[in-house]
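Data file: start-v7.txt. Format and content: compact mmCIF, C-alpha atoms.
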```txt
# COMPACT_ATOMS: atom_id res chain seq x y z
CA MET C 1 -25.10 59.57 -61.32
CA THR C 2 -26.98 56.52 -60.21
CA ASN C 3 -30.43 55.89 -58.84
CA GLU C 4 -28.96 56.00 -55.33
CA ASP C 5 -28.46 59.73 -55.77
CA THR C 6 -32.19 60.28 -55.91
CA GLN C 7 -32.44 59.59 -52.18
CA GLY C 8 -34.63 56.51 -52.49
CA LEU C 9 -37.48 57.52 -54.77
CA HIS C 10 -39.69 54.73 -53.53
CA ARG C 11 -43.30 54.55 -54.63
CA ARG C 12 -44.53 56.02 -51.34
CA THR C 13 -42.20 58.99 -51.63
CA VAL C 14 -43.26 59.58 -55.22
CA LEU C 15 -46.91 59.44 -54.23
CA GLN C 16 -46.25 61.92 -51.42
CA CYS C 17 -44.53 64.26 -53.84
CA MET C 18 -47.43 63.92 -56.25
CA ALA C 19 -49.86 64.76 -53.45
CA TRP C 20 -47.83 67.88 -52.61
CA ALA C 21 -47.91 68.85 -56.27
CA GLY C 22 -51.66 68.39 -56.25
CA THR C 23 -52.08 70.94 -53.44
CA GLY C 24 -49.86 73.38 -55.29
CA VAL C 25 -47.08 73.70 -52.74
CA LEU C 26 -44.53 76.31 -53.67
CA TRP C 27 -41.02 75.01 -53.61
CA THR C 28 -38.00 77.18 -53.63
CA VAL C 29 -34.46 75.96 -53.89
CA ALA C 30 -32.11 77.78 -51.51
CA GLY C 31 -28.57 76.74 -50.93
CA GLY C 32 -29.16 73.74 -53.18
CA VAL C 33 -31.90 72.30 -50.96
CA PRO C 34 -35.61 72.40 -51.81
CA ARG C 35 -37.79 74.05 -49.17
CA SER C 36 -41.51 74.44 -49.22
CA VAL C 37 -42.58 78.00 -48.52
CA GLY C 38 -46.35 77.85 -48.41
CA LEU C 39 -49.42 77.15 -50.49
CA ILE C 40 -49.84 78.36 -54.02
CA GLY C 41 -52.70 80.73 -53.16
CA GLU C 42 -50.49 82.85 -50.89
CA ALA C 43 -47.54 82.58 -53.24
CA ALA C 44 -49.54 83.72 -56.27
CA ALA C 45 -50.60 86.85 -54.42
CA ALA C 46 -46.97 87.68 -53.69
CA ALA C 47 -45.57 86.29 -56.95
CA PRO C 48 -42.64 88.38 -58.12
CA GLY C 49 -43.03 87.86 -61.86
CA GLY C 50 -44.80 90.96 -63.11
CA PHE C 51 -44.43 93.03 -59.94
CA THR C 52 -40.73 93.08 -59.19
CA PRO C 53 -38.44 94.95 -61.57
CA GLY C 54 -35.80 92.66 -63.05
CA GLY C 55 -37.75 89.50 -62.41
CA PHE C 56 -40.14 87.45 -64.46
CA THR C 57 -42.14 84.28 -64.52
CA PHE C 58 -42.51 81.74 -67.26
CA VAL C 59 -44.37 78.50 -67.64
CA GLN C 60 -43.23 75.03 -68.70
CA ILE C 61 -45.67 72.92 -70.71
CA SER C 62 -44.73 69.40 -71.71
CA ASP C 63 -45.81 66.24 -73.52
CA SER C 64 -49.02 67.47 -75.11
CA HIS C 65 -48.98 64.50 -77.57
CA ILE C 66 -51.41 66.09 -80.02
CA GLY C 67 -52.71 63.18 -82.10
CA PHE C 68 -52.96 60.67 -79.23
CA ASN C 69 -56.52 59.37 -78.95
CA LYS C 70 -56.44 56.16 -76.92
CA GLU C 71 -58.29 55.34 -73.73
CA ALA C 72 -55.91 57.09 -71.35
CA ASN C 73 -57.10 60.43 -72.83
CA PRO C 74 -59.36 60.50 -75.90
CA ASP C 75 -59.07 64.30 -76.18
CA VAL C 76 -55.56 65.61 -75.59
CA GLY C 77 -56.51 68.87 -77.34
CA ALA C 78 -59.07 69.59 -74.63
CA THR C 79 -56.62 69.02 -71.78
CA LEU C 80 -53.96 71.17 -73.46
CA ARG C 81 -56.57 73.90 -73.86
CA ALA C 82 -57.51 73.54 -70.20
CA ALA C 83 -53.86 74.00 -69.21
CA ILE C 84 -53.64 77.12 -71.38
CA ASP C 85 -56.90 78.51 -69.96
CA ASP C 86 -55.48 78.07 -66.44
CA ILE C 87 -52.28 79.90 -67.40
CA ASN C 88 -54.17 82.74 -69.09
CA ALA C 89 -56.31 83.14 -65.97
CA LEU C 90 -53.35 83.73 -63.67
CA PRO C 91 -53.21 87.06 -61.83
CA VAL C 92 -49.56 87.31 -62.89
CA ARG C 93 -49.19 86.50 -66.57
CA PRO C 94 -46.01 84.63 -67.50
CA SER C 95 -43.66 86.48 -69.83
CA PHE C 96 -43.14 83.49 -72.10
CA ALA C 97 -43.56 79.72 -72.21
CA VAL C 98 -41.33 76.75 -72.88
CA HIS C 99 -42.48 73.38 -74.19
CA THR C 100 -40.20 70.47 -73.32
CA GLY C 101 -41.25 68.23 -76.18
CA ASP C 102 -43.59 65.56 -77.52
CA VAL C 103 -45.71 68.42 -78.84
CA THR C 104 -47.24 65.90 -81.28
CA HIS C 105 -47.79 62.18 -81.03
CA LEU C 106 -46.75 60.99 -84.50
CA SER C 107 -44.99 64.02 -86.06
CA LYS C 108 -47.79 64.38 -88.62
CA PRO C 109 -48.18 67.80 -90.31
CA GLY C 110 -51.83 67.90 -89.19
CA GLU C 111 -50.78 67.31 -85.60
CA PHE C 112 -48.20 70.12 -85.69
CA GLU C 113 -50.91 72.35 -87.21
CA THR C 114 -53.42 71.54 -84.47
CA ALA C 115 -50.81 71.99 -81.76
CA ASP C 116 -49.89 75.41 -83.13
CA GLN C 117 -53.54 76.47 -83.26
CA ILE C 118 -54.01 75.56 -79.61
CA LEU C 119 -50.69 76.97 -78.39
CA LYS C 120 -51.49 80.28 -80.12
CA GLU C 121 -54.20 80.77 -77.50
CA LEU C 122 -51.53 81.14 -74.83
CA LYS C 123 -51.18 84.82 -74.02
CA VAL C 124 -47.41 85.02 -73.96
CA SER C 125 -44.84 86.82 -76.07
CA ALA C 126 -43.02 83.66 -77.17
CA ILE C 127 -42.96 79.88 -76.84
CA HIS C 128 -39.56 78.17 -76.94
CA VAL C 129 -39.80 74.49 -77.86
CA VAL C 130 -37.48 71.49 -77.76
CA PRO C 131 -38.42 68.22 -79.50
CA GLY C 132 -39.47 64.94 -77.95
CA GLU C 133 -38.90 61.62 -79.70
CA HIS C 134 -42.52 61.76 -80.92
CA ASP C 135 -41.74 65.02 -82.76
CA VAL C 136 -38.90 63.65 -84.88
CA LEU C 137 -40.49 60.52 -86.36
CA ASP C 138 -39.67 61.83 -89.82
CA GLU C 139 -36.10 60.70 -89.09
CA THR C 140 -34.48 64.05 -89.94
CA GLY C 141 -36.34 66.26 -87.47
CA GLU C 142 -37.03 68.59 -90.41
CA ALA C 143 -40.75 68.99 -89.67
CA PHE C 144 -39.99 70.04 -86.11
CA ARG C 145 -37.16 72.42 -86.99
CA GLU C 146 -39.21 74.18 -89.67
CA ARG C 147 -41.72 75.17 -87.03
CA TYR C 148 -39.76 75.65 -83.86
CA ALA C 149 -36.05 75.93 -84.59
CA ARG C 150 -35.56 77.61 -87.96
CA THR C 151 -32.30 79.30 -87.11
CA ALA C 152 -31.00 76.56 -84.86
CA ARG C 153 -27.71 74.68 -85.18
CA GLY C 154 -27.20 71.06 -86.11
CA LEU C 155 -30.23 68.95 -85.27
CA GLY C 156 -32.07 71.89 -83.74
CA TRP C 157 -30.33 73.08 -80.58
CA TYR C 158 -30.12 76.78 -79.72
CA SER C 159 -29.78 79.20 -76.84
CA PHE C 160 -31.54 82.42 -75.92
CA ASP C 161 -31.66 84.98 -73.13
CA GLU C 162 -34.58 86.29 -71.15
CA GLY C 163 -34.23 88.97 -68.49
CA GLY C 164 -30.66 88.09 -67.57
CA VAL C 165 -31.20 84.32 -67.56
CA HIS C 166 -29.46 82.22 -70.22
CA PHE C 167 -31.46 79.33 -71.70
CA LEU C 168 -30.08 76.28 -73.50
CA ALA C 169 -32.57 74.44 -75.73
CA LEU C 170 -31.19 70.95 -76.32
CA VAL C 171 -32.09 67.99 -78.54
CA ASN C 172 -31.51 64.64 -76.89
CA VAL C 173 -33.99 62.51 -78.83
CA MET C 174 -32.22 61.86 -82.12
CA ASN C 175 -29.73 59.19 -83.22
CA LEU C 176 -30.73 57.00 -80.32
CA LYS C 177 -28.72 53.79 -80.03
CA ALA C 178 -30.05 50.32 -79.30
CA GLY C 179 -30.41 49.59 -75.61
CA GLY C 180 -29.60 53.20 -74.86
CA LEU C 181 -31.00 56.32 -73.32
CA GLY C 182 -31.32 59.89 -74.55
CA ASN C 183 -28.39 61.17 -76.61
CA LEU C 184 -26.87 64.63 -76.97
CA GLY C 185 -23.97 63.78 -79.30
CA ASP C 186 -20.47 65.26 -79.50
CA GLU C 187 -21.38 68.08 -81.88
CA GLN C 188 -24.05 69.43 -79.56
CA LEU C 189 -21.88 69.00 -76.47
CA ALA C 190 -19.05 70.94 -78.13
CA TRP C 191 -21.53 73.68 -79.06
CA LEU C 192 -22.81 73.75 -75.45
CA GLU C 193 -19.31 74.20 -74.03
CA ASP C 194 -18.61 77.02 -76.50
CA ASP C 195 -21.94 78.65 -75.79
CA LEU C 196 -21.36 78.72 -72.02
CA ARG C 197 -17.72 79.70 -72.14
CA PRO C 198 -18.07 83.52 -72.26
CA LEU C 199 -20.69 83.64 -69.50
CA GLY C 200 -19.94 84.72 -65.95
CA SER C 201 -20.60 82.05 -63.33
CA SER C 202 -23.26 84.19 -61.69
CA THR C 203 -25.42 84.04 -64.83
CA PRO C 204 -28.48 81.95 -64.01
CA ILE C 205 -28.83 79.10 -66.49
CA VAL C 206 -31.93 77.16 -67.48
CA VAL C 207 -31.51 74.00 -69.57
CA LEU C 208 -34.43 72.63 -71.59
CA ALA C 209 -34.34 69.04 -72.86
CA HIS C 210 -37.03 66.43 -73.39
CA ILE C 211 -35.54 63.29 -71.87
CA PRO C 212 -34.27 63.77 -68.30
CA LEU C 213 -30.61 64.69 -68.13
CA TRP C 214 -30.18 62.69 -64.97
CA SER C 215 -30.64 58.99 -64.50
CA VAL C 216 -34.25 58.71 -63.33
CA TYR C 217 -34.83 55.07 -64.36
CA PRO C 218 -32.52 53.62 -67.02
CA GLU C 219 -34.55 50.40 -67.27
CA TRP C 220 -37.24 52.46 -68.99
CA GLY C 221 -34.81 54.65 -70.93
CA TRP C 222 -35.37 57.55 -68.53
CA GLY C 223 -31.95 59.18 -68.69
CA THR C 224 -29.40 60.63 -71.12
CA ALA C 225 -26.34 58.53 -71.87
CA ASP C 226 -23.88 61.39 -72.46
CA SER C 227 -25.20 64.17 -70.23
CA GLU C 228 -22.17 64.03 -67.93
CA ARG C 229 -20.07 66.27 -70.19
CA ALA C 230 -22.86 68.87 -70.22
CA LEU C 231 -23.19 68.76 -66.44
CA VAL C 232 -19.44 69.26 -66.05
CA ALA C 233 -19.68 72.40 -68.19
CA LEU C 234 -22.62 73.63 -66.09
CA LYS C 235 -21.05 72.90 -62.71
CA ARG C 236 -19.29 76.28 -62.28
CA PHE C 237 -22.52 78.28 -62.50
CA GLY C 238 -24.18 79.45 -59.31
CA SER C 239 -27.70 78.58 -60.40
CA VAL C 240 -28.64 75.95 -62.95
CA THR C 241 -32.19 74.71 -63.44
CA VAL C 242 -32.75 71.74 -65.74
CA LEU C 243 -36.32 71.41 -67.02
CA ASN C 244 -37.23 68.10 -68.64
CA GLY C 245 -40.35 66.20 -69.70
CA HIS C 246 -40.76 62.71 -71.18
CA ILE C 247 -41.79 60.86 -68.02
CA HIS C 248 -45.19 62.54 -67.53
CA GLN C 249 -44.77 63.08 -63.80
CA VAL C 250 -42.96 65.42 -61.46
CA MET C 251 -39.55 64.33 -60.29
CA GLN C 252 -36.90 66.50 -58.70
CA LYS C 253 -33.28 66.18 -57.74
CA VAL C 254 -30.69 68.66 -56.57
CA GLU C 255 -26.99 68.14 -57.11
CA GLY C 256 -24.82 71.02 -55.92
CA THR C 257 -26.03 74.13 -57.74
CA ILE C 258 -27.98 72.16 -60.34
CA ALA C 259 -31.71 71.61 -59.76
CA PHE C 260 -33.31 68.97 -62.01
CA HIS C 261 -37.04 68.92 -62.53
CA THR C 262 -39.46 67.05 -64.78
CA ALA C 263 -42.97 68.26 -65.52
CA MET C 264 -46.35 66.60 -65.77
CA SER C 265 -47.83 65.99 -69.21
CA THR C 266 -50.94 67.75 -70.43
CA ALA C 267 -51.99 64.52 -72.21
CA PHE C 268 -51.75 61.41 -70.02
CA PRO C 269 -49.91 60.18 -66.91
CA GLN C 270 -47.25 57.48 -66.84
CA PRO C 271 -46.42 55.16 -63.96
CA ALA C 272 -43.82 55.87 -61.31
CA PRO C 273 -40.56 53.99 -61.96
CA GLY C 274 -40.86 50.26 -61.47
CA THR C 275 -44.53 50.33 -60.49
CA ALA C 276 -45.77 48.92 -63.79
CA PRO C 277 -44.44 46.49 -66.42
CA SER C 278 -43.78 49.35 -68.84
CA PRO C 279 -43.80 53.16 -69.00
CA GLY C 280 -46.95 53.33 -71.17
CA PRO C 281 -50.00 55.57 -70.67
CA VAL C 282 -51.80 55.02 -67.37
CA LYS C 283 -55.58 54.79 -67.52
CA VAL C 284 -57.32 56.46 -64.59
CA PRO C 285 -61.01 57.18 -63.96
CA ALA C 286 -62.10 60.18 -66.05
CA ASP C 287 -62.74 62.36 -63.01
CA GLN C 288 -59.18 61.82 -61.78
CA LEU C 289 -57.34 62.41 -65.06
CA ARG C 290 -57.00 66.18 -64.79
CA ARG C 291 -55.41 65.95 -61.36
CA MET C 292 -52.54 64.01 -62.92
CA LEU C 293 -51.95 66.47 -65.75
CA GLY C 294 -50.55 69.97 -65.42
CA VAL C 295 -47.84 72.54 -66.06
CA THR C 296 -44.99 74.11 -64.09
CA HIS C 297 -44.71 77.79 -63.22
CA VAL C 298 -41.20 79.15 -62.81
CA ASP C 299 -40.44 82.36 -60.93
CA TYR C 300 -37.17 84.21 -61.25
CA VAL C 301 -36.22 87.20 -59.16
CA ALA C 302 -33.08 89.04 -60.19
CA GLY C 303 -30.44 88.73 -57.51
CA LYS C 304 -31.98 85.59 -56.03
CA ALA C 305 -30.13 82.69 -57.60
CA PRO C 306 -32.52 79.75 -57.26
CA LEU C 307 -35.63 79.69 -59.44
CA ALA C 308 -38.89 78.79 -57.72
CA LEU C 309 -40.70 75.91 -59.42
CA ILE C 310 -44.43 75.40 -58.87
CA ASP C 311 -46.09 72.29 -60.30
CA THR C 312 -49.76 72.95 -60.93
CA PRO C 313 -52.34 70.35 -61.94
CA LEU C 314 -55.23 71.30 -64.23
CA ALA C 315 -57.66 73.35 -62.16
CA ARG C 316 -61.03 72.21 -63.37
CA SER C 317 -62.47 68.75 -63.91
CA ALA C 318 -63.82 67.97 -67.39
CA MET F 1 -34.77 41.50 -100.22
CA THR F 2 -36.36 38.36 -101.69
CA ARG F 3 -40.11 37.95 -101.59
CA LEU F 4 -41.56 34.45 -101.60
CA ASN F 5 -44.85 33.13 -102.91
CA HIS F 6 -46.84 33.20 -99.70
CA VAL F 7 -49.38 30.58 -100.65
CA ALA F 8 -46.69 28.05 -101.47
CA VAL F 9 -44.80 28.94 -98.32
CA ALA F 10 -47.87 28.54 -96.11
CA ALA F 11 -48.56 25.08 -97.54
CA LEU F 12 -44.96 24.04 -97.03
CA GLY F 13 -44.96 25.50 -93.53
CA ALA F 14 -48.07 23.60 -92.55
CA ALA F 15 -46.47 20.38 -93.69
CA LEU F 16 -43.20 20.91 -91.85
CA SER F 17 -44.04 22.85 -88.68
CA LEU F 18 -42.52 21.54 -85.44
CA ALA F 19 -43.77 21.62 -81.84
CA ALA F 20 -41.45 24.52 -80.90
CA PRO F 21 -43.32 27.59 -82.13
CA LEU F 22 -40.34 29.91 -82.24
CA THR F 23 -38.20 27.95 -84.65
CA ALA F 24 -39.50 27.55 -88.17
CA THR F 25 -38.17 24.85 -90.41
CA ALA F 26 -39.65 26.36 -93.53
CA ALA F 27 -39.84 29.97 -94.62
CA GLU F 28 -43.29 30.62 -93.23
CA ALA F 29 -44.23 34.10 -92.03
CA VAL F 30 -43.33 34.78 -88.42
CA LEU F 31 -45.02 37.29 -86.13
CA VAL F 32 -43.45 39.35 -83.38
CA ARG F 33 -45.95 41.14 -81.16
CA ILE F 34 -45.06 44.44 -79.58
CA ASP F 35 -46.75 44.69 -76.22
CA ASN F 36 -46.01 46.75 -73.15
CA PHE F 37 -42.76 48.10 -74.57
CA THR F 38 -41.42 44.60 -75.30
CA PHE F 39 -40.93 42.47 -78.39
CA ASN F 40 -42.60 39.08 -77.98
CA PRO F 41 -40.81 36.79 -78.46
CA PRO F 42 -37.59 38.77 -77.94
CA VAL F 43 -35.46 36.18 -79.77
CA ILE F 44 -36.64 34.25 -82.80
CA THR F 45 -34.82 31.76 -84.98
CA VAL F 46 -35.90 31.49 -88.60
CA PRO F 47 -34.56 29.98 -91.82
CA ARG F 48 -33.21 32.33 -94.46
CA GLY F 49 -35.87 33.86 -96.66
CA THR F 50 -38.39 34.17 -93.84
CA MET F 51 -40.60 37.21 -93.71
CA VAL F 52 -40.85 38.52 -90.17
CA THR F 53 -43.80 40.75 -89.31
CA TRP F 54 -43.92 43.06 -86.32
CA LEU F 55 -47.38 43.95 -85.06
CA ASN F 56 -47.78 46.85 -82.64
CA ALA F 57 -50.32 45.76 -80.03
CA ASP F 58 -49.25 48.51 -77.64
CA ASP F 59 -51.16 51.73 -77.05
CA ILE F 60 -48.07 53.78 -77.91
CA PRO F 61 -46.31 54.00 -81.30
CA HIS F 62 -43.06 52.15 -81.88
CA LYS F 63 -40.44 52.02 -84.64
CA VAL F 64 -38.44 48.90 -85.44
CA ALA F 65 -34.89 49.27 -86.72
CA GLY F 66 -31.87 47.04 -87.14
CA ASN F 67 -28.97 48.18 -84.95
CA ASP F 68 -27.18 50.97 -86.83
CA ARG F 69 -30.30 51.10 -88.99
CA PRO F 70 -29.49 49.00 -92.06
CA TRP F 71 -33.25 48.49 -92.21
CA LYS F 72 -36.08 50.22 -90.40
CA SER F 73 -39.84 50.50 -90.26
CA PRO F 74 -41.93 53.65 -90.48
CA VAL F 75 -43.58 54.63 -87.22
CA LEU F 76 -46.15 51.99 -86.25
CA ASP F 77 -49.21 53.15 -84.38
CA THR F 78 -51.47 50.67 -82.54
CA ASP F 79 -52.48 47.72 -84.81
CA GLU F 80 -50.06 48.72 -87.58
CA ARG F 81 -47.50 46.23 -88.81
CA PHE F 82 -44.21 46.08 -90.67
CA SER F 83 -42.60 43.16 -92.45
CA PHE F 84 -39.04 42.46 -93.43
CA THR F 85 -37.61 39.39 -95.15
CA PHE F 86 -34.27 38.12 -93.92
CA ALA F 87 -32.48 36.77 -96.99
CA ASP F 88 -29.12 35.90 -95.48
CA PRO F 89 -28.10 33.84 -92.45
CA GLY F 90 -26.78 35.74 -89.47
CA THR F 91 -27.75 37.23 -86.13
CA TYR F 92 -29.66 40.47 -86.50
CA ALA F 93 -30.06 42.63 -83.41
CA TYR F 94 -32.77 45.27 -83.61
CA PHE F 95 -34.41 47.83 -81.34
CA CYS F 96 -37.18 50.40 -81.15
CA SER F 97 -35.68 53.68 -82.34
CA LEU F 98 -38.26 55.60 -80.29
CA HIS F 99 -37.67 53.68 -77.07
CA PRO F 100 -34.14 52.31 -77.47
CA HIS F 101 -34.23 50.22 -74.30
CA MET F 102 -36.55 47.83 -76.23
CA THR F 103 -34.40 45.29 -78.03
CA GLY F 104 -34.80 41.98 -79.85
CA THR F 105 -32.91 39.54 -82.04
CA VAL F 106 -33.62 37.60 -85.21
CA VAL F 107 -31.34 34.59 -85.74
CA VAL F 108 -31.41 33.51 -89.37
CA THR F 109 -30.22 30.01 -90.17
CA GLY F 110 -29.64 28.38 -93.50
CA PRO F 111 -27.17 26.85 -95.89
```
Can you turn what I pasted into structure tokens?
Amino acid sequence: MTNEDTQGLHRRTVLQCMAWAGTGVLWTVAGGVPRSVGLIGEAAAAAPGGFTPGGFTFVQISDSHIGFNKEANPDVGATLRAAIDDINALPVRPSFAVHTGDVTHLSKPGEFETADQILKELKVSAIHVVPGEHDVLDETGEAFRERYARTARGLGWYSFDEGGVHFLALVNVMNLKAGGLGNLGDEQLAWLEDDLRPLGSSTPIVVLAHIPLWSVYPEWGWGTADSERALVALKRFGSVTVLNGHIHQVMQKVEGTIAFHTAMSTAFPQPAPGTAPSPGPVKVPADQLRRMLGVTHVDYVAGKAPLALIDTPLARSA
Amino acid sequence: MTRLNHVAVAALGAALSLAAPLTATAAEAVLVRIDNFTFNPPVITVPRGTMVTWLNADDIPHKVAGNDRPWKSPVLDTDERFSFTFADPGTYAYFCSLHPHMTGTVVVTGP
């Protein structure tokens, strides 16, 4: 996959997409093509999650960077709390949450502690977490696995099922090579193929990984070097949704039956590809920060293959 | 890893420094600044025994490691630094193990 596949994600297009996300447009993916189906107010009233039998909703949180305290956001704990307050206030409570990594900023025990304290406030039955590169700075990933992946294989990958949907929780932030991108590694890829093998092709699949599994912008390391083998294994399934983080902005791409999506951060925004000298934190006026942070709500209705993804910025200003 | 007497080295360095700032003729300490996800300067040439110091001037943490990690730094937050002395001549490619698209090279000369 090359950048050409992303249908010309020029700065103007990205800004338009970000504006749509700001108004809370509900996107659904039908027949492999995203369609907008109305504003989030109407959609929330009709949201299937808790009301339709055999369906559910969950929420994706990403890049909370607990421990970050520079100018771009001096209080990442407050913005994570704000995101959780918004989720808890929803008329339809999500069944569970996923966190697509960079929970902490420096992998310090104190940061993991603080993150856990805040995430506990989320009124869900479970939070499934995959690590970002900021979570495995202890080299082995031990600190992360102890908290979030105790029974996991290898470097911390695992799978689980929720309401008929099969989830893969991947680790693509370890053993990174010079000049390279994200890395899954042969052991994990072999495990992934084995894990998927017994499943019928009509099983909806959701893949969680921190670094995007498609080539968003290799110049900034925004891609995974060996994701192709995973995508080949996923190709036969009728509905695959890949949820990533790392880039601190919403990006989407559909390829056949696979819908790729990255979430906003709850900590600080990063620039659109190529619009800045580097992918570092973007400083914005304080009253604009919360519009550029947010979470993603995901709706699944049994029998309807595509999952609806709704990107929601933080509701209230500081 | 050999450590040199820094006072003696600084005096020697001052006496022998050339106009080109990136090539040291004596084993004086050399600084590489990390800024905006880049190593500055990306290529340095130093004599054997030079201590190279990386200073993170970025607002994001970085981690310096030789390719295939024969040597590596702990995670460096803003304003933190890491030093490594290159005892033997050779060309040493390194990268940031957090952001692997960041790369640099230390060329070590010497008899």
What does the structure give for the distance between CA of Asp77 (chain F) and CA of Asp59 (chain F), in Å to one decimal?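 Calculated distance between CA of Asp77 (chain F) and CA of Asp59 (chain F) is 7.7 Å.
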Contacts between chain F and chain C, please, where a residue of chain C counts if it comes within 8 Å (with only C-alpha atoms); show its shortest atom pair and distance in Å to one decimal, rows by chain and ascending number, as a Markdown table.
```
| residue | atom | partner | partner_atom | distance |
| --- | --- | --- | --- | --- |
| C:Lys70 | CA | F:Asp59 | CA | 6.9 |
| C:Leu106 | CA | F:Val75 | CA | 7.6 |
| C:Glu133 | CA | F:Leu98 | CA | 6.1 |
| C:His134 | CA | F:Leu98 | CA | 7.5 |
| C:Leu137 | CA | F:Val75 | CA | 6.7 |
| C:Leu176 | CA | F:Ser97 | CA | 6.3 |
| C:Lys177 | CA | F:Pro100 | CA | 6.2 |
| C:Ala178 | CA | F:Pro100 | CA | 4.9 |
| C:Gly179 | CA | F:His101 | CA | 4.1 |
| C:Gly180 | CA | F:Pro100 | CA | 5.3 |
| C:Leu181 | CA | F:Pro100 | CA | 6.6 |
| C:Glu219 | CA | F:His101 | CA | 7.0 |
| C:Trp220 | CA | F:His101 | CA | 6.5 |
| C:Gly221 | CA | F:His101 | CA | 5.6 |
| C:Pro277 | CA | F:Asn36 | CA | 6.9 |
| C:Ser278 | CA | F:Asn36 | CA | 5.5 |
| C:Pro279 | CA | F:Phe37 | CA | 7.6 |
| C:Gly280 | CA | F:Ile60 | CA | 6.8 |
| C:Pro281 | CA | F:Asp59 | CA | 7.5 |
```
Do you have the CA of His65 (chain C)-CA of Ala115 (chain C) distance handy?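 That distance, rounded to one decimal, is 8.8 Å.
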Surrounding residues of Arg290 (chain C) excluding itself and chain neighbours under 3 positions, 10 Å, all atoms listed in the file, as a JSON list (two decimals) with C-alpha atoms, in the frame of the given file:
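Just written: out_37.json:
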```json
[["chain", "number", "residue", "atom", "x", "y", "z"],
["C", 73, "ASN", "CA", -57.10, 60.43, -72.83],
["C", 79, "THR", "CA", -56.62, 69.02, -71.78],
["C", 82, "ALA", "CA", -57.51, 73.54, -70.20],
["C", 83, "ALA", "CA", -53.86, 74.00, -69.21],
["C", 266, "THR", "CA", -50.94, 67.75, -70.43],
["C", 267, "ALA", "CA", -51.99, 64.52, -72.21],
["C", 268, "PHE", "CA", -51.75, 61.41, -70.02],
["C", 269, "PRO", "CA", -49.91, 60.18, -66.91],
["C", 284, "VAL", "CA", -57.32, 56.46, -64.59],
["C", 285, "PRO", "CA", -61.01, 57.18, -63.96],
["C", 286, "ALA", "CA", -62.10, 60.18, -66.05],
["C", 287, "ASP", "CA", -62.74, 62.36, -63.01],
["C", 293, "LEU", "CA", -51.95, 66.47, -65.75],
["C", 294, "GLY", "CA", -50.55, 69.97, -65.42],
["C", 313, "PRO", "CA", -52.34, 70.35, -61.94],
["C", 314, "LEU", "CA", -55.23, 71.30, -64.23],
["C", 315, "ALA", "CA", -57.66, 73.35, -62.16],
["C", 316, "ARG", "CA", -61.03, 72.21, -63.37],
["C", 317, "SER", "CA", -62.47, 68.75, -63.91],
["C", 318, "ALA", "CA", -63.82, 67.97, -67.39]]
```
Compare C:Val92, C:Val282, C:Ile258, C:Ala78 by their minimum atom-to-atom distance to Val232 (chain C), counting only C-alpha atoms, and give me the closest one.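 Closest to Val232 (chain C) of all the choices is C:Ile258.
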Within 8 Å of Ser239 (chain C), counting all atoms listed in the file, which residues show up once you throw out same-chain ones fewer than 5 positions away? Write them as a list of chain:residue names, please. C:Ser202, C:Thr203, C:Pro204, C:Ile205, C:Thr257, C:Ile258, C:Ala305, C:Pro306
From the set F:Trp54, F:Ala87, F:Tyr92, F:Thr45, which residue has the shortest atom-to-atom contact distance to Pro70 (chain F), counting all atoms listed in the file?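 Closest residue, counting all atoms listed in the file: F:Tyr92.
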